[in-house]
>>> print(open('final-v1.pdb').read())   # PDB, C-alpha atoms
ATOM      1  CA  MET A   1     -39.234  29.330  29.544
ATOM      2  CA  ASN A   2     -41.271  30.700  32.365
ATOM      3  CA  PRO A   3     -42.668  34.005  31.020
ATOM      4  CA  GLU A   4     -42.495  35.590  34.459
ATOM      5  CA  THR A   5     -38.907  34.686  35.373
ATOM      6  CA  GLY A   6     -37.329  33.972  31.963
ATOM      7  CA  LEU A   7     -35.930  30.745  33.409
ATOM      8  CA  PRO A   8     -36.618  27.223  32.249
ATOM      9  CA  PRO A   9     -39.331  25.427  34.253
ATOM     10  CA  PHE A  10     -36.713  22.952  35.497
ATOM     11  CA  ARG A  11     -33.140  22.821  36.777
ATOM     12  CA  ILE A  12     -30.515  20.197  36.016
ATOM     13  CA  SER A  13     -27.821  18.975  38.366
ATOM     14  CA  ARG A  14     -25.785  15.933  39.220
ATOM     15  CA  LEU A  15     -27.732  13.732  41.619
ATOM     16  CA  GLY A  16     -26.144  12.915  44.964
ATOM     17  CA  GLY A  17     -26.590  10.020  47.347
ATOM     18  CA  GLU A  18     -29.160  11.907  49.415
ATOM     19  CA  GLU A  19     -31.455  11.797  46.376
ATOM     20  CA  GLY A  20     -31.562   7.998  46.225
ATOM     21  CA  SER A  21     -35.272   7.719  47.064
ATOM     22  CA  ASP A  22     -36.329  10.193  44.377
ATOM     23  CA  TYR A  23     -34.021   8.573  41.842
ATOM     24  CA  ARG A  24     -35.299   5.103  42.714
ATOM     25  CA  ALA A  25     -38.931   6.186  42.269
ATOM     26  CA  LEU A  26     -38.327   7.763  38.842
ATOM     27  CA  ARG A  27     -36.094   4.923  37.622
ATOM     28  CA  LEU A  28     -38.715   2.338  38.619
ATOM     29  CA  GLU A  29     -41.414   4.380  36.875
ATOM     30  CA  GLY A  30     -39.371   4.309  33.669
ATOM     31  CA  LEU A  31     -38.730   0.574  33.937
ATOM     32  CA  ARG A  32     -42.440  -0.086  34.550
ATOM     33  CA  GLU A  33     -43.784   2.243  31.846
ATOM     34  CA  HIS A  34     -41.217   1.428  29.133
ATOM     35  CA  PRO A  35     -39.550  -1.925  29.807
ATOM     36  CA  GLU A  36     -38.364  -2.106  26.181
ATOM     37  CA  ALA A  37     -36.228   1.009  26.678
ATOM     38  CA  PHE A  38     -33.951  -0.431  29.366
ATOM     39  CA  GLY A  39     -31.655  -3.416  29.744
ATOM     40  CA  ALA A  40     -32.598  -3.647  33.425
ATOM     41  CA  SER A  41     -35.950  -4.984  34.547
ATOM     42  CA  TRP A  42     -38.446  -3.483  36.984
ATOM     43  CA  GLU A  43     -38.543  -6.727  38.964
ATOM     44  CA  GLU A  44     -34.781  -6.772  39.532
ATOM     45  CA  GLU A  45     -34.478  -3.124  40.495
ATOM     46  CA  ALA A  46     -37.674  -2.929  42.575
ATOM     47  CA  SER A  47     -36.130  -5.456  44.962
ATOM     48  CA  GLN A  48     -33.334  -2.971  45.767
ATOM     49  CA  ASP A  49     -33.841  -0.403  48.507
ATOM     50  CA  ALA A  50     -33.175   3.337  48.337
ATOM     51  CA  ALA A  51     -29.755   2.866  49.959
ATOM     52  CA  ARG A  52     -28.653   0.821  46.958
ATOM     53  CA  PHE A  53     -29.788   3.594  44.621
ATOM     54  CA  SER A  54     -27.994   6.173  46.789
ATOM     55  CA  MET A  55     -24.800   4.160  46.460
ATOM     56  CA  ARG A  56     -25.268   4.069  42.683
ATOM     57  CA  LEU A  57     -25.530   7.864  42.649
ATOM     58  CA  GLU A  58     -22.444   8.283  44.842
ATOM     59  CA  ARG A  59     -20.324   5.991  42.687
ATOM     60  CA  GLY A  60     -21.687   6.943  39.281
ATOM     61  CA  LEU A  61     -22.641   9.954  37.279
ATOM     62  CA  VAL A  62     -26.375  10.619  36.973
ATOM     63  CA  PHE A  63     -27.956  13.958  36.135
ATOM     64  CA  GLY A  64     -31.498  14.848  37.069
ATOM     65  CA  ALA A  65     -33.983  17.513  36.055
ATOM     66  CA  ARG A  66     -36.232  18.912  38.777
ATOM     67  CA  SER A  67     -39.320  20.964  38.051
ATOM     68  CA  GLY A  68     -38.860  24.587  38.999
ATOM     69  CA  THR A  69     -42.160  24.918  40.824
ATOM     70  CA  ASN A  70     -42.045  22.036  43.280
ATOM     71  CA  GLY A  71     -38.630  20.430  42.823
ATOM     72  CA  THR A  72     -40.036  17.077  41.663
ATOM     73  CA  LEU A  73     -37.533  14.915  39.814
ATOM     74  CA  VAL A  74     -38.928  14.719  36.257
ATOM     75  CA  GLY A  75     -36.008  13.378  34.228
ATOM     76  CA  ILE A  76     -32.767  11.426  34.597
ATOM     77  CA  ILE A  77     -29.797  10.451  32.460
ATOM     78  CA  GLY A  78     -26.649   8.524  33.307
ATOM     79  CA  LEU A  79     -23.177   8.945  31.845
ATOM     80  CA  ARG A  80     -20.651   6.145  32.124
ATOM     81  CA  VAL A  81     -16.999   7.043  31.539
ATOM     82  CA  PRO A  82     -14.778   3.957  31.534
ATOM     83  CA  THR A  83     -11.629   3.992  33.625
ATOM     84  CA  GLU A  84      -9.827   1.409  31.499
ATOM     85  CA  GLU A  85      -6.973   3.026  29.565
ATOM     86  CA  LYS A  86      -8.019   1.809  26.122
ATOM     87  CA  MET A  87     -11.665   2.828  26.540
ATOM     88  CA  ARG A  88     -11.613   6.098  28.474
ATOM     89  CA  HIS A  89     -11.797   8.173  25.283
ATOM     90  CA  LYS A  90     -15.528   7.508  24.997
ATOM     91  CA  ALA A  91     -18.505   7.635  27.331
ATOM     92  CA  SER A  92     -21.935   6.056  27.096
ATOM     93  CA  LEU A  93     -25.333   7.465  27.962
ATOM     94  CA  TRP A  94     -27.712   5.170  29.834
ATOM     95  CA  GLY A  95     -30.906   5.171  31.869
ATOM     96  CA  PHE A  96     -32.439   8.183  30.092
ATOM     97  CA  TYR A  97     -36.046   8.762  31.141
ATOM     98  CA  VAL A  98     -38.389  11.754  31.268
ATOM     99  CA  ARG A  99     -41.690  11.576  33.124
ATOM    100  CA  ARG A 100     -44.680  11.623  30.743
ATOM    101  CA  ASP A 101     -46.056  14.980  31.931
ATOM    102  CA  ALA A 102     -42.641  16.633  31.442
ATOM    103  CA  ARG A 103     -42.171  15.504  27.847
ATOM    104  CA  ARG A 104     -42.226  18.098  25.077
ATOM    105  CA  THR A 105     -41.088  20.774  27.541
ATOM    106  CA  GLY A 106     -37.400  20.704  26.592
ATOM    107  CA  VAL A 107     -36.391  18.630  29.620
ATOM    108  CA  GLY A 108     -35.110  15.694  27.562
ATOM    109  CA  ARG A 109     -33.058  17.869  25.233
ATOM    110  CA  ALA A 110     -31.683  19.840  28.191
ATOM    111  CA  LEU A 111     -30.651  16.641  29.994
ATOM    112  CA  LEU A 112     -28.924  15.351  26.857
ATOM    113  CA  ASP A 113     -27.174  18.664  26.258
ATOM    114  CA  HIS A 114     -26.018  18.762  29.887
ATOM    115  CA  ALA A 115     -24.634  15.210  29.804
ATOM    116  CA  ILE A 116     -22.936  15.793  26.447
ATOM    117  CA  ALA A 117     -21.372  19.056  27.640
ATOM    118  CA  TYR A 118     -20.015  17.260  30.696
ATOM    119  CA  ALA A 119     -18.692  14.446  28.504
ATOM    120  CA  ALA A 120     -17.058  16.856  26.044
ATOM    121  CA  ALA A 121     -14.645  17.952  28.773
ATOM    122  CA  VAL A 122     -13.403  14.405  29.406
ATOM    123  CA  VAL A 123     -13.977  12.193  26.325
ATOM    124  CA  GLU A 124     -13.833  12.272  22.518
ATOM    125  CA  GLU A 125     -17.104  10.456  21.786
ATOM    126  CA  VAL A 126     -20.449   9.610  23.369
ATOM    127  CA  THR A 127     -22.353   6.436  22.535
ATOM    128  CA  LEU A 128     -25.842   5.210  23.340
ATOM    129  CA  ILE A 129     -28.238   2.357  22.641
ATOM    130  CA  VAL A 130     -31.902   2.974  21.835
ATOM    131  CA  GLU A 131     -34.817   0.650  21.118
ATOM    132  CA  ALA A 132     -35.278   0.540  17.343
ATOM    133  CA  GLN A 133     -39.012   1.376  17.449
ATOM    134  CA  ASN A 134     -38.570   4.456  19.674
ATOM    135  CA  ALA A 135     -39.072   7.024  16.901
ATOM    136  CA  PRO A 136     -39.169  10.141  19.144
ATOM    137  CA  ALA A 137     -35.863   9.237  20.820
ATOM    138  CA  LEU A 138     -34.207   8.346  17.509
ATOM    139  CA  ALA A 139     -35.322  11.671  16.032
ATOM    140  CA  LEU A 140     -33.947  13.599  19.013
ATOM    141  CA  TYR A 141     -30.602  11.793  18.913
ATOM    142  CA  ARG A 142     -30.259  12.371  15.163
ATOM    143  CA  GLN A 143     -31.154  16.046  15.600
ATOM    144  CA  ILE A 144     -28.283  16.393  18.078
ATOM    145  CA  GLY A 145     -25.888  14.685  15.650
ATOM    146  CA  PHE A 146     -25.762  11.058  16.766
ATOM    147  CA  GLU A 147     -25.254   8.609  13.909
ATOM    148  CA  GLN A 148     -26.180   4.946  13.802
ATOM    149  CA  TYR A 149     -23.218   2.587  13.642
ATOM    150  CA  GLY A 150     -24.987  -0.687  14.312
ATOM    151  CA  LEU A 151     -28.183  -2.605  14.902
ATOM    152  CA  GLU A 152     -28.447  -5.427  17.397
ATOM    153  CA  LYS A 153     -31.286  -7.707  16.393
ATOM    154  CA  ARG A 154     -33.234  -9.381  19.191
ATOM    155  CA  SER A 155     -31.205  -7.490  21.774
ATOM    156  CA  LEU A 156     -33.853  -7.638  24.494
ATOM    157  CA  LYS A 157     -36.507 -10.237  25.176
ATOM    158  CA  ILE A 158     -39.526  -9.246  27.240
ATOM    159  CA  GLY A 159     -41.872 -12.167  27.670
ATOM    160  CA  ASP A 160     -42.042 -13.674  24.199
ATOM    161  CA  VAL A 161     -41.322 -10.420  22.336
ATOM    162  CA  TYR A 162     -37.886  -9.474  21.002
ATOM    163  CA  HIS A 163     -36.702  -5.879  20.640
ATOM    164  CA  ASP A 164     -33.952  -4.661  18.323
ATOM    165  CA  GLU A 165     -31.615  -1.900  19.487
ATOM    166  CA  VAL A 166     -29.847   0.816  17.501
ATOM    167  CA  LEU A 167     -26.259   1.671  18.447
ATOM    168  CA  MET A 168     -25.404   5.355  17.968
ATOM    169  CA  ALA A 169     -22.353   7.569  18.438
ATOM    170  CA  LEU A 170     -21.622  11.292  18.576
ATOM    171  CA  PRO A 171     -18.022  12.437  17.985
ATOM    172  CA  LEU A 172     -17.104  15.406  20.202
ATOM    173  CA  GLY A 173     -14.596  17.740  18.671
TER     174      GLY A 173
END
>>> encode(input="final-v1.pdb", output="C-alpha cells")
Amino acid sequence: MNPETGLPPFRISRLGGEEGSDYRALRLEGLREHPEAFGASWEEEASQDAARFSMRLERGLVFGARSGTNGTLVGIIGLRVPTEEKMRHKASLWGFYVRRDARRTGVGRALLDHAIAYAAAVVEEVTLIVEAQNAPALALYRQIGFEQYGLEKRSLKIGDVYHDEVLMALPLG
C-alpha cells in the first residue's frame, strides 16, 4: 500500500486492443527472461506485430497490472474459458508474468486473485500448468488453494533441456 494514499501501488484491469503494444512488450520480456515458463517461444511471438497482440486482447481475456505512479504495465495473466458445452465449467490460467522489479510487491497475488474472482462468476474450477522447478510460483498457487493433479514429464524442450510441468486445479465453490 502507498502510505500516502492507502491505495496499492498498481491497478488491475482487463486489457483492451489499444494496449497491444504494451502487452506485446511485456509478453516478449517474459518469454525471453523465462522461456521454461511458457509453451510459446520468444522467436515465434517476436515475429508478430502489435496488431496481432491487439487482436489477441480483443478476442481473449487478459488482465494487466499497471504501476500507480507511471502506468507502466508490470504484470499480465490470461484466463481462457472454453465455449464447448462439455468444458465450459472450468477455465485455465495462462501467460502469467510479473516484471522482475514488481515482484514481491503483491502484484502477482493481486493478478491471480482478480482472475480467479472473474472466473468464479462463470466457472466451477480453474486450472493451470506451471514449470516443476518454479518453487515461488508453486508456493503461491498452493497458498491460494491450488492442488496438483498431475505431472507431465518432459513437457517442454528448450534446446537440449527438458522441463517437467505440474498440472494444478482450484475448485471454486
>>> residues_around(input="final-v1.pdb", residues="A:Ser54", least_positions_apart="2", cutoff="12 Å", atoms="only C-alpha atoms", output="MDAnalysis selection string")
chainID A and resid 15:25 48:52 56:62
>>> residues_around(input="final-v1.pdb", residues="A:Glu125", least_positions_apart="2", cutoff="10 Å", atoms="only C-alpha atoms", output="JSON, numbers by chain")
{"A": [88, 89, 90, 91, 92, 116, 119, 120, 122, 123, 127, 169, 170, 171, 172, 173]}
>>> residues_around(input="final-v1.pdb", residues="A:Glu33", least_positions_apart="4", cutoff="12 Å", atoms="only C-alpha atoms", output="PyMOL selection string")
chain A and resi 26-29+37-38+41-42+97-100
>>> closest_residue(input="final-v1.pdb", among="A:Asp101, A:Glu152, A:Glu84, A:Glu43", to="A:Glu131", atoms="all atoms listed in the file")
A:Glu152
>>> resolve_selection(input="final-v1.pdb", expression="the PyMOL selection byres ((chain A and resi 158-161) around 10)", output="PyMOL selection string")
chain A and resi 35-36+41+154+156-157+162-163
>>> resolve_selection(input="final-v1.pdb", expression="the PyMOL selection byres ((chain A and resi 165) around 7)", output="ChimeraX atom specification")
/A:129-132,151-153,155,163-164,166-167
>>> resolve_selection(input="final-v1.pdb", expression="the PyMOL selection byres ((chain A and resi 96) around 6)", output="ChimeraX atom specification")
/A:76-77,94-95,97
>>> write_last_selection(input="final-v1.pdb", atoms="C-alpha atoms", output="PDB file, in the coordinates of the input")
ATOM      1  CA  ILE A  76     -32.767  11.426  34.597  1.00  0.00           C
ATOM      2  CA  ILE A  77     -29.797  10.451  32.460  1.00  0.00           C
ATOM      3  CA  TRP A  94     -27.712   5.170  29.834  1.00  0.00           C
ATOM      4  CA  GLY A  95     -30.906   5.171  31.869  1.00  0.00           C
ATOM      5  CA  TYR A  97     -36.046   8.762  31.141  1.00  0.00           C
TER       6      TYR A  97
END
>>> atom_distance(input="final-v1.pdb", atom1="atom CA of A:Leu79", atom2="atom CA of A:Asp113")
11.9 Å
>>> closest_residue(input="final-v1.pdb", among="A:Val126, A:Val81, A:Met87, A:Ala65", to="A:Gly106", atoms="all atoms listed in the file")
A:Ala65
>>> residues_near_point(input="final-v1.pdb", point="(-23.9, 9.1, 14.1)", cutoff="7 Å", atoms="all atoms listed in the file", output="ChimeraX atom specification")
/A:145-149,168-170
